[in-house]
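Next comes coords-v9.cif, with mmCIF, C-alpha atoms.
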data_my_file
#
loop_
_atom_site.label_atom_id
_atom_site.label_comp_id
_atom_site.auth_asym_id
_atom_site.auth_seq_id
_atom_site.Cartn_x
_atom_site.Cartn_y
_atom_site.Cartn_z
CA SER A 292 -12.80 11.09 31.04
CA ILE A 293 -15.77 13.34 31.81
CA THR A 294 -16.05 17.11 31.60
CA GLY A 295 -18.45 19.44 33.43
CA GLU A 296 -20.87 21.43 31.29
CA ALA A 297 -20.44 25.19 31.01
CA GLY A 298 -23.08 27.16 32.90
CA THR A 299 -23.78 24.34 35.40
CA PHE A 300 -22.51 23.60 38.90
CA THR A 301 -19.97 21.15 37.41
CA GLU A 302 -18.39 23.79 35.16
CA GLU A 303 -14.55 23.61 35.22
CA MET A 304 -14.58 20.04 36.62
CA THR A 305 -12.79 17.25 34.74
CA PHE A 306 -12.31 13.67 35.96
CA GLN A 307 -10.52 10.56 34.74
CA TYR A 308 -11.63 7.01 35.54
CA GLY A 309 -9.61 4.83 37.89
CA SER A 310 -10.30 1.60 35.97
CA VAL A 311 -10.96 0.46 32.43
CA SER A 312 -14.78 0.35 32.38
CA PRO A 313 -16.46 2.11 35.29
CA TYR A 314 -19.46 3.14 33.20
CA ASN A 315 -22.28 1.38 31.43
CA ASP A 316 -22.87 1.34 27.69
CA SER A 317 -25.78 3.77 27.78
CA TYR A 318 -25.80 7.53 27.47
CA LEU A 319 -28.17 10.07 28.94
CA ILE A 320 -30.20 12.65 27.04
CA ALA A 321 -31.55 15.62 28.96
CA GLU A 322 -35.19 16.22 28.02
CA GLY A 323 -37.65 18.90 29.07
CA SER A 324 -36.25 21.00 31.89
CA ALA A 325 -33.49 18.47 32.67
CA PHE A 326 -29.94 19.52 31.82
CA THR A 327 -26.64 17.80 31.13
CA ILE A 328 -23.96 18.39 33.79
CA PHE A 329 -21.20 16.02 32.55
CA THR A 330 -20.26 14.82 29.07
CA SER A 331 -17.81 12.20 27.88
CA PRO A 332 -15.79 12.95 24.74
CA GLU A 333 -15.39 9.32 23.65
CA PRO A 334 -17.84 9.44 21.88
CA ASP A 335 -19.37 12.81 22.70
CA PHE A 336 -22.43 12.05 24.84
CA GLY A 337 -24.13 13.12 28.04
CA CYS A 338 -23.17 10.90 30.97
CA THR A 339 -24.82 12.82 33.83
CA VAL A 340 -28.05 14.82 33.83
CA ALA A 341 -29.81 16.82 36.51
CA TYR A 342 -33.46 17.75 36.90
CA ASP A 343 -34.91 20.44 39.14
CA GLU A 344 -38.67 20.88 39.30
CA GLY A 345 -38.64 22.90 42.51
CA SER A 346 -39.96 20.37 45.03
CA TYR A 347 -38.42 17.42 43.16
CA LYS A 348 -34.76 17.13 42.20
CA THR A 349 -32.73 14.23 40.83
CA ILE A 350 -29.36 13.46 39.25
CA GLY A 351 -28.90 10.56 36.82
CA CYS A 352 -25.42 9.24 36.21
CA ALA A 353 -23.95 6.62 33.79
CA PHE A 354 -20.65 6.04 35.64
CA GLU A 355 -19.48 4.96 39.10
CA PHE A 356 -18.85 7.93 41.36
CA GLY A 357 -16.29 5.96 43.39
CA ASP A 358 -14.16 5.23 40.33
CA LEU A 359 -13.47 8.89 39.53
CA THR A 360 -9.91 9.99 40.30
CA ASP A 361 -9.22 13.33 41.96
CA ALA A 362 -7.29 16.02 40.13
CA GLY A 363 -6.68 19.59 41.27
CA HIS A 364 -9.47 21.72 42.74
CA PRO A 365 -12.35 21.83 41.82
CA SER A 366 -12.03 18.37 40.23
CA THR A 367 -12.21 16.30 43.42
CA LYS A 368 -14.86 13.80 44.47
CA GLN A 369 -15.30 15.71 47.73
CA GLN A 370 -16.03 18.95 45.86
CA LEU A 371 -18.36 17.15 43.43
CA MET A 372 -20.30 15.60 46.31
CA LEU A 373 -20.58 19.04 47.95
CA GLU A 374 -21.95 20.41 44.66
CA TYR A 375 -24.46 17.55 44.48
CA MET A 376 -25.53 18.23 48.08
CA GLN A 377 -25.95 21.95 47.40
CA PHE A 378 -28.04 21.10 44.32
CA PHE A 379 -30.36 19.10 46.58
CA GLY A 380 -30.42 21.91 49.18
CA THR A 381 -28.48 19.90 51.77
CA VAL A 382 -26.09 21.67 54.10
CA ALA A 383 -22.81 19.86 54.75
CA THR A 384 -21.65 19.82 58.36
CA GLY A 385 -18.95 17.87 60.09
CA ILE A 386 -15.82 17.92 62.16
CA PRO A 387 -13.06 20.05 60.64
CA ASP A 388 -9.82 18.29 59.78
CA GLY A 389 -7.35 18.29 62.65
CA SER A 390 -9.99 18.46 65.39
CA ARG A 391 -10.41 14.72 65.94
CA GLN A 392 -8.57 14.96 69.26
CA SER A 393 -11.53 16.93 70.60
CA LEU A 394 -13.75 13.84 70.44
CA LEU A 395 -14.60 12.75 73.95
CA ALA A 396 -15.29 9.11 73.02
CA SER A 397 -14.95 6.85 70.02
CA LEU A 398 -16.68 3.56 69.33
CA GLY A 399 -14.50 0.89 67.77
CA ASP A 400 -15.62 -2.17 65.87
CA SER A 401 -16.74 -5.44 67.37
CA TYR A 402 -14.61 -8.52 66.84
CA PRO A 403 -15.42 -11.01 65.57
CA ASN A 404 -18.26 -9.70 63.45
CA PRO A 405 -20.23 -11.73 62.43
CA PHE A 406 -20.04 -13.85 65.59
CA THR A 407 -21.58 -17.04 67.00
CA GLU A 408 -20.57 -17.40 70.67
CA HIS A 409 -19.31 -13.98 71.76
CA THR A 410 -17.91 -10.73 70.43
CA THR A 411 -15.83 -7.94 71.94
CA ILE A 412 -16.89 -4.31 71.49
CA SER A 413 -14.06 -1.81 71.94
CA PHE A 414 -14.25 1.91 72.67
CA LYS A 415 -12.01 4.73 73.85
CA LEU A 416 -12.70 7.60 76.23
CA GLN A 417 -10.66 10.80 76.11
CA LYS A 418 -12.01 11.84 79.54
CA ASP A 419 -13.66 10.12 82.48
CA ALA A 420 -17.34 9.61 81.62
CA SER A 421 -20.57 7.87 82.48
CA VAL A 422 -20.99 5.25 79.72
CA SER A 423 -23.81 3.01 78.60
CA ILE A 424 -23.66 0.39 75.85
CA GLU A 425 -26.97 -1.09 74.78
CA VAL A 426 -27.94 -3.59 72.08
CA PHE A 427 -31.04 -3.08 69.92
CA ASP A 428 -32.80 -5.28 67.38
CA THR A 429 -33.68 -3.95 63.92
CA TYR A 430 -37.12 -2.91 65.21
CA GLY A 431 -35.48 -0.51 67.65
CA ARG A 432 -36.26 -2.60 70.74
CA ARG A 433 -33.55 -2.68 73.39
CA VAL A 434 -32.58 -6.32 73.96
CA ALA A 435 -29.55 -6.00 76.24
CA VAL A 436 -27.68 -3.50 78.40
CA LEU A 437 -23.99 -4.43 78.29
CA LEU A 438 -22.61 -1.56 80.34
CA ASP A 439 -23.95 1.31 82.43
CA LYS A 440 -21.33 2.85 84.71
CA ASP A 441 -18.69 5.53 85.21
CA LEU A 442 -15.34 4.79 83.57
CA LYS A 443 -11.91 6.39 83.55
CA ALA A 444 -10.35 7.77 80.36
CA GLY A 445 -8.62 5.19 78.18
CA ASP A 446 -9.25 2.09 76.08
CA HIS A 447 -12.09 -0.18 77.15
CA SER A 448 -13.97 -3.21 75.88
CA VAL A 449 -17.07 -5.20 76.74
CA GLN A 450 -18.09 -8.70 75.64
CA TRP A 451 -21.50 -9.80 74.42
CA ASP A 452 -22.59 -13.42 74.13
CA GLY A 453 -25.68 -12.84 71.97
CA THR A 454 -28.17 -13.07 74.83
CA ASP A 455 -30.82 -10.65 76.05
CA ASP A 456 -31.00 -9.16 79.56
CA SER A 457 -32.75 -12.33 80.80
CA GLY A 458 -29.99 -14.61 79.50
CA ASN A 459 -32.02 -15.95 76.56
CA LYS A 460 -30.08 -16.63 73.35
CA LEU A 461 -31.27 -14.21 70.64
CA ASN A 462 -32.16 -15.20 67.08
CA SER A 463 -29.57 -14.91 64.34
CA GLY A 464 -29.63 -11.59 62.54
CA MET A 465 -28.44 -8.01 62.60
CA TYR A 466 -28.32 -6.03 65.83
CA LEU A 467 -27.16 -2.49 66.65
CA PHE A 468 -24.93 -1.63 69.58
CA ASN A 469 -25.07 1.92 70.89
CA LEU A 470 -22.51 3.75 73.04
CA LYS A 471 -23.73 6.81 74.96
CA THR A 472 -21.88 9.29 77.12
CA ASN A 473 -22.92 12.81 78.14
CA SER A 474 -21.61 14.13 74.82
CA VAL A 475 -21.39 11.14 72.44
CA ASN A 476 -24.04 8.89 70.90
CA ALA A 477 -22.55 6.35 68.45
CA THR A 478 -24.08 3.23 66.90
CA LYS A 479 -22.67 0.33 64.86
CA LYS A 480 -24.13 -2.88 63.51
CA ILE A 481 -23.26 -6.42 64.47
CA ILE A 482 -24.30 -9.78 62.99
CA LEU A 483 -25.20 -12.74 65.21
CA HIS A 484 -25.07 -16.18 63.53
#
This entry written out as structure tokens:
Amino acid sequence: SITGEAGTFTEEMTFQYGSVSPYNDSYLIAEGSAFTIFTSPEPDFGCTVAYDEGSYKTIGCAFEFGDLTDAGHPSTKQQLMLEYMQFFGTVATGIPDGSRQSLLASLGDSYPNPFTEHTTISFKLQKDASVSIEVFDTYGRRVAVLLDKDLKAGDHSVQWDGTDDSGNKLNSGMYLFNLKTNSVNATKKIILH
């Protein structure tokens, strides 16, 4: 288990581990203006330290964040991540729970991914919309336009055979496919073998 240090932004937080050994065998000692934010009682040692030098901030951790198990508030991974973000001066924004129906379009996954001959990219529109789906290489160059037209609300899909707009087979590697409507801009990666 780990316990937040009194007087820090982790005060009153306590977490258990989800597996047997989610941490390494080292411990962390806060030196200079660094400070301990989590300790482990077995044995008693610092397992997370923070450092704030004004224009430079960092957090060092000796356990896996993903292996912590949530308890009651404030001991949740979501709250801890919000505290970390506030420490770094980052503002959290997002879509409130329960408002997902207000999305006007959603980009599904491509299948298969990775692919060799062709893949199918799925997406859903909540309302009629003008839609474009483009493919980019990892340098940001557009290599193919798969779709550019007005569509009705509903489930849709488009196939891609791994070629550019001229019909040339592209090299194996990672590509990005981007869906754009008037209000949505979503991108996912795809691997061509």
**OP:** Expand the PyMOL selection byres ((chain A and resi 322-331) around 8) into the individual residues it matches in the shown file, reporting them as a list in words.
**Re:**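 On this input, the PyMOL selection byres ((chain A and resi 322-331) around 8) captures Ser292, Ile293, Thr294, Gly295, Glu296, Thr299, Phe300, Thr301, Glu302, Ile320, Ala321, Pro332, Glu333, Pro334, Asp335, Phe336, Gly337, Cys338, Thr339, Val340, Ala341, Tyr342, Asp343 and Glu344 of chain A.
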**OP:** Tell me which protein, DNA and RNA residues are within 7 Å of Trp451 (chain A), counting only C-alpha atoms, leaving out same-chain ones fewer than 2 positions away, and put them as a list in words.
**Re:** His409, Thr410, Thr411, Val449 and Gly453 of chain A
**OP:** Specify as a list in words each residue included when the PyMOL selection byres ((chain A and resi 456-468) around 7) is applied to this file.
**Re:**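 Residues picked by the PyMOL selection byres ((chain A and resi 456-468) around 7): Ile424, Glu425, Val426, Phe427, Asp428, Thr429, Val434, Ala435, Val436, Gly453, Thr454, Asp455, Asn469, Leu470, Thr478, Lys479, Lys480, Ile481, Ile482, Leu483 and His484 of chain A.
Between Gln450 (chain A) and the residues A:Val475, A:Ala362, A:Leu437, A:Leu319, the shortest atom-to-atom distance, using all atoms listed in the file, involves A:Leu437.
Taken over the shown file, the PyMOL selection byres ((chain A and resi 376-380) around 9) identifies Phe300, Asp343, Tyr347, Lys348, Thr349, Leu371, Met372, Leu373, Glu374, Tyr375, Thr381, Val382 and Ala383 of chain A.
Between CA of Asp452 (chain A) and CA of Ser401 (chain A) lies a distance of 12.0 Å.
The two atoms in question, CA of Lys471 (chain A) and CA of Thr407 (chain A), are spaced 25.2 Å apart.
Interatomic distance, CA of His364 (chain A) to CA of Met304 (chain A): 8.1 Å.
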**OP:** Name the closest residue to Leu398 (chain A) among the candidates A:Leu438, A:His447, A:Ala297, A:Ser346; distances are taken between atoms, counting all atoms listed in the file.
**Re:**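 Answer, going by the shortest atom-to-atom distance: A:His447.
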**OP:** Have a look at A:Ser366, A:Asn476, A:Ser310, A:Thr360 and name the one nearest to Ser397 (chain A); count only C-alpha atoms.
**Re:** A:Asn476
Padded axis-aligned box of region 471-479 of chain A (8 Å per side), centre and edge lengths, Å, one decimal, as AutoDock Vina command-line options:
--center_x -22.7 --center_y 7.2 --center_z 71.5 --size_x 18.7 --size_y 29.8 --size_z 29.3
Can you spit out region 426-445 of chain A with N, CA and C atoms, as a compact mmCIF listing (two decimals), in the first residue's frame, from the structure just given?
# COMPACT_ATOMS: atom_id res chain seq x y z
N VAL A 426 -6.32 9.87 -45.50
CA VAL A 426 -5.23 9.07 -44.93
C VAL A 426 -3.95 9.89 -45.05
N PHE A 427 -3.17 9.91 -43.96
CA PHE A 427 -1.91 10.64 -43.91
C PHE A 427 -0.78 9.71 -43.54
N ASP A 428 0.44 10.02 -44.04
CA ASP A 428 1.60 9.26 -43.60
C ASP A 428 2.11 9.89 -42.31
N THR A 429 3.15 9.32 -41.72
CA THR A 429 3.64 9.81 -40.43
C THR A 429 4.37 11.15 -40.54
N TYR A 430 4.58 11.63 -41.76
CA TYR A 430 5.16 12.96 -41.96
C TYR A 430 4.08 14.02 -42.10
N GLY A 431 2.81 13.61 -42.02
CA GLY A 431 1.71 14.54 -42.13
C GLY A 431 1.26 14.82 -43.55
N ARG A 432 1.81 14.07 -44.52
CA ARG A 432 1.41 14.26 -45.92
C ARG A 432 0.14 13.46 -46.21
N ARG A 433 -0.83 14.11 -46.84
CA ARG A 433 -2.04 13.38 -47.23
C ARG A 433 -1.68 12.46 -48.39
N VAL A 434 -2.03 11.17 -48.24
CA VAL A 434 -1.73 10.20 -49.29
C VAL A 434 -2.98 9.71 -50.01
N ALA A 435 -4.14 9.81 -49.36
CA ALA A 435 -5.37 9.33 -49.99
C ALA A 435 -6.58 10.03 -49.40
N VAL A 436 -7.56 10.29 -50.26
CA VAL A 436 -8.87 10.78 -49.83
C VAL A 436 -9.83 9.62 -50.07
N LEU A 437 -10.37 9.06 -48.98
CA LEU A 437 -11.25 7.91 -49.09
C LEU A 437 -12.71 8.30 -49.26
N LEU A 438 -13.07 9.46 -48.74
CA LEU A 438 -14.47 9.88 -48.78
C LEU A 438 -14.53 11.39 -48.67
N ASP A 439 -15.42 12.00 -49.44
CA ASP A 439 -15.65 13.45 -49.35
C ASP A 439 -17.04 13.73 -49.92
N LYS A 440 -18.07 13.54 -49.07
CA LYS A 440 -19.43 13.76 -49.54
C LYS A 440 -20.41 13.91 -48.39
N ASP A 441 -21.62 14.30 -48.71
CA ASP A 441 -22.69 14.43 -47.73
C ASP A 441 -23.28 13.05 -47.46
N LEU A 442 -23.50 12.75 -46.17
CA LEU A 442 -24.07 11.46 -45.78
C LEU A 442 -25.22 11.66 -44.81
N LYS A 443 -26.12 10.71 -44.80
CA LYS A 443 -27.24 10.70 -43.86
C LYS A 443 -26.77 10.18 -42.50
N ALA A 444 -27.52 10.48 -41.46
CA ALA A 444 -27.22 9.96 -40.12
C ALA A 444 -27.24 8.44 -40.15
N GLY A 445 -26.41 7.82 -39.30
CA GLY A 445 -26.39 6.37 -39.21
C GLY A 445 -24.99 5.80 -39.23
